Amino acid sequence: MLKLGVVGTSWIARSFIDATSLTEKFTFSAVYSRHLDTAAKFSADFENVQQFDQFDQFLATDLDAIYIASPNALHFEQAKAAILVGHNVITEKPAFSNPSELTEILQLADEKNILFFEAARNIHEQSFTLIKDFLADKTITGADFTYSKYSSKMPALLRGELPNKFNPKFSGGLLADLGVYLLYAAIFWFGKPQDAHYDAVVLPSGVDVSGVGSLDYTDFKVAIKCAGNFNSYLPSEIYTTDGTLILDGVNAISTAKFIAVDGSKIKIELTAPKHSLYDEAVKFAEILTNKDFEAARKLQSFAKDVANTSYKMRQSAGIIFDADKK
Ligand SMILES: NC(=O)c1ccc[n+]([C@@H]2O[C@H](COP(=O)([O-])OP(=O)(O)OC[C@H]3O[C@@H](n4cnc5c(N)ncnc54)[C@H](OP(=O)(O)O)[C@@H]3O)[C@@H](O)[C@H]2O)c1
C-alpha cells in the first residue's frame, strides 16, 4: 500500500482520499492542516492517520506520496519542500501559478529522482482515450469547449469578501480553476496550440470571473469558454471533415454522439468511472508502484503545454498573479 500524506482539508482532499481508497493501492496516512482540530475532524472517519499543524513535521513522516490540495499559489513552496526531503508529489490542478514555477519543480524532481504529477483528472478518464481513438482517422476542423459552473464561492464574493478562488494572491480566476480542464482536453486530443488568446471579464481583484478564449492551431481554432458566475448547459463539440462529435462536457464526459455530414448518427459507448477521481488515482498508483518515470514525464509534458498556454492566455487578458511578480 502506498502511504499518502495530504495537504489541505477541503472537500476535494476528502474526495481524492475516497478515490485512492477505492483503488485499494493507497492508504491515507498523514494530514497537514493549519489547525490540529481541523486535521482531527478531517481524519475522523479513518484509522491511524497522523495529524500535523507543522509542515516540516508532516514532511518528516514516512510517506510514498504527498497530495497537495491547498490554494493554487501555495502549491509551489509546499511541493518544493516535499521534493527536497525526498517525497513524490501530486499537486491539484493548476499545479502552479506560472510555467517558471513548473519548470523549477520539474528540474528539482528530476535531480532528486522524484515522481511529480499534476492532478488533472479529466484526461485520465477512459472516455478521453476512447475519444482520442475515435478521432484518430479524422481531420479536425475546429472545436468548441465550455465549462461554466456557478461557484460555491460566489455568494461570498458578492458579499464583498475575496475567496481564494478569486484572489490574485492565491493565483485564482476561472481560467486557472475551470479553464484548465478545457486546455487539458484540447492539448490531450489536438496537441499544443501555436497561439492562444483570452478575452476575460476581470474582477476588481484583477482575476477573471469568466472569459472566452481561442486556441489557434495551424488549420483550425478551438473556442474556450469558462465562467464561475453562471451555469452553462451547452455541450462541447469537435468538428471534423466527416462530421461533428457532440460531448456533454470535456471536464468529464458521460455522453458522446457523432453526427456525420450525411446526418447518420453513431453513439459512442462510454463507461462512467467508479468515482470522478478514480481513473487518475489508478494511474498515479501504477506509476508510483512501478517507478515509471517515462510515464510520469509523458504526463508532465501535457502539464507543461497546459501551463504555457494558460500563461499566454492570461497575459493576453492582462491578468497578473502576485506569484508572477516574484
Ligand atoms: N480536481 C478537482 O476536481 C478540484 C476541485 C476543487 C478544487 N481543486 C483544486 O484543489 C485546490 C484546493 O482548492 P479548494 O477550493 O479546496 O481551496 P481552499 O478551500 O481555498 O483551500 C484548501 C485548503 O487549503 C487550506 N487553506 C485555505 N486557505 C489557506 C490559506 N490562506 N493559507 C494556507 N492554507 C490555506 C485549508 O486547509 P486547512 O484549513 O486545513 O489548513 C483548506 O482546506 C486548488 O488547487 C483547486 O484548484 C481541484
# chains A, B, ... in the order shown; residues from 1 in each chain; ligands from 1
>>> residues_around(residues="Tyr217 in chain A", least_positions_apart="6", cutoff="10 Å", atoms="only C-alpha atoms", output="PDB file with C-alpha atoms, in the first residue's frame")
ATOM      1  CA  THR A 141     -11.654  21.410 -38.440  1.00  0.00           C
ATOM      2  CA  GLY A 142     -12.448  23.051 -35.089  1.00  0.00           C
ATOM      3  CA  PHE A 190      -5.019  18.011 -30.602  1.00  0.00           C
ATOM      4  CA  GLY A 191      -1.574  18.813 -29.169  1.00  0.00           C
ATOM      5  CA  LYS A 192      -0.181  22.195 -28.153  1.00  0.00           C
ATOM      6  CA  PRO A 193      -1.735  25.171 -29.984  1.00  0.00           C
ATOM      7  CA  GLN A 194       0.534  27.546 -31.895  1.00  0.00           C
ATOM      8  CA  ASP A 195      -1.015  30.529 -30.156  1.00  0.00           C
ATOM      9  CA  ALA A 196      -3.721  31.322 -27.604  1.00  0.00           C
TER      10      ALA A 196
END
>>> select_by_dssp(residues="range 89-234 of chain A", states="helix (DSSP H, G or I)", output="ChimeraX atom specification")
/A:99-111,121-124,126-135,154-158,164-166,168-170,174-190
>>> residues_near_ligand(ligand="ligand 1", cutoff="6 Å", atoms="only C-alpha atoms and all ligand atoms", output="ChimeraX atom specification")
/A:8-10,12,33-34,38,69-72,92-94,121,164,177
>>> residues_around(residues="Thr23 in chain A", least_positions_apart="6", cutoff="9 Å", atoms="only C-alpha atoms", output="list in words")
Tyr278, Asp279, Ala281, Val282 and Ala285 of chain A
>>> closest_residue(among="A:Cys226, A:Leu158, A:Leu182, A:Ile17", to="His275 in chain A", atoms="only C-alpha atoms")
A:Ile17
>>> residues_around(residues="Thr244 in chain A", least_positions_apart="5", cutoff="8 Å", atoms="only C-alpha atoms", output="PDB file with N, CA, C and O atoms, in the first residue's frame")
ATOM      1  N   GLU A 237     -18.244  20.521 -28.499  1.00  0.00           N
ATOM      2  CA  GLU A 237     -18.268  19.870 -29.812  1.00  0.00           C
ATOM      3  C   GLU A 237     -16.882  19.842 -30.441  1.00  0.00           C
ATOM      4  O   GLU A 237     -16.093  20.767 -30.250  1.00  0.00           O
ATOM      5  N   ILE A 238     -16.658  18.778 -31.220  1.00  0.00           N
ATOM      6  CA  ILE A 238     -15.429  18.690 -32.018  1.00  0.00           C
ATOM      7  C   ILE A 238     -15.866  18.518 -33.466  1.00  0.00           C
ATOM      8  O   ILE A 238     -16.686  17.631 -33.768  1.00  0.00           O
ATOM      9  N   TYR A 239     -15.364  19.390 -34.336  1.00  0.00           N
ATOM     10  CA  TYR A 239     -15.759  19.365 -35.746  1.00  0.00           C
ATOM     11  C   TYR A 239     -14.680  18.647 -36.565  1.00  0.00           C
ATOM     12  O   TYR A 239     -13.480  18.859 -36.342  1.00  0.00           O
ATOM     13  N   PHE A 258     -21.761  11.096 -32.435  1.00  0.00           N
ATOM     14  CA  PHE A 258     -21.165  11.644 -33.658  1.00  0.00           C
ATOM     15  C   PHE A 258     -22.262  11.751 -34.711  1.00  0.00           C
ATOM     16  O   PHE A 258     -22.976  10.772 -34.970  1.00  0.00           O
ATOM     17  N   ILE A 259     -22.406  12.922 -35.283  1.00  0.00           N
ATOM     18  CA  ILE A 259     -23.372  13.087 -36.380  1.00  0.00           C
ATOM     19  C   ILE A 259     -22.559  13.361 -37.649  1.00  0.00           C
ATOM     20  O   ILE A 259     -21.888  14.394 -37.762  1.00  0.00           O
ATOM     21  N   ALA A 260     -22.597  12.383 -38.557  1.00  0.00           N
ATOM     22  CA  ALA A 260     -21.815  12.503 -39.799  1.00  0.00           C
ATOM     23  C   ALA A 260     -22.421  13.583 -40.698  1.00  0.00           C
ATOM     24  O   ALA A 260     -23.573  13.989 -40.500  1.00  0.00           O
ATOM     25  N   VAL A 261     -21.658  14.030 -41.680  1.00  0.00           N
ATOM     26  CA  VAL A 261     -22.148  15.113 -42.554  1.00  0.00           C
ATOM     27  C   VAL A 261     -23.411  14.678 -43.316  1.00  0.00           C
ATOM     28  O   VAL A 261     -24.244  15.520 -43.670  1.00  0.00           O
TER      29      VAL A 261
END
>>> closest_residue(among="A:Asp324, A:Glu118, A:Asp64, A:Glu24", to="Thr289 in chain A", atoms="only C-alpha atoms")
A:Asp64
>>> closest_residue(among="A:Ser301, A:Val306, A:Gln51, A:Lys274", to="Leu22 in chain A", atoms="only C-alpha atoms")
A:Lys274
>>> residues_around(residues="Tyr150 in chain A", least_positions_apart="5", cutoff="10 Å", atoms="only C-alpha atoms", output="MDAnalysis selection string")
chainID A and resid 155 227:232
>>> residues_around(residues="Asn98 in chain A", least_positions_apart="5", cutoff="9 Å", atoms="only C-alpha atoms", output="PyMOL selection string")
chain A and resi 171+307-308+310-311+321+323-324
>>> residues_around(residues="range 128-139 of chain A", least_positions_apart="6", cutoff="12 Å", atoms="only C-alpha atoms", output="PyMOL selection string")
chain A and resi 121-122+181+184-191+219-220+237-247+249-258+260+266-273+279-280
>>> atom_distance(atom1="CA of Lys265 in chain A", atom2="CA of Ser214 in chain A")
28.2 Å
>>> closest_residue(among="A:Val6, A:Leu36, A:Ala296, A:Ala223", to="Ala79 in chain A", atoms="only C-alpha atoms")
A:Val6
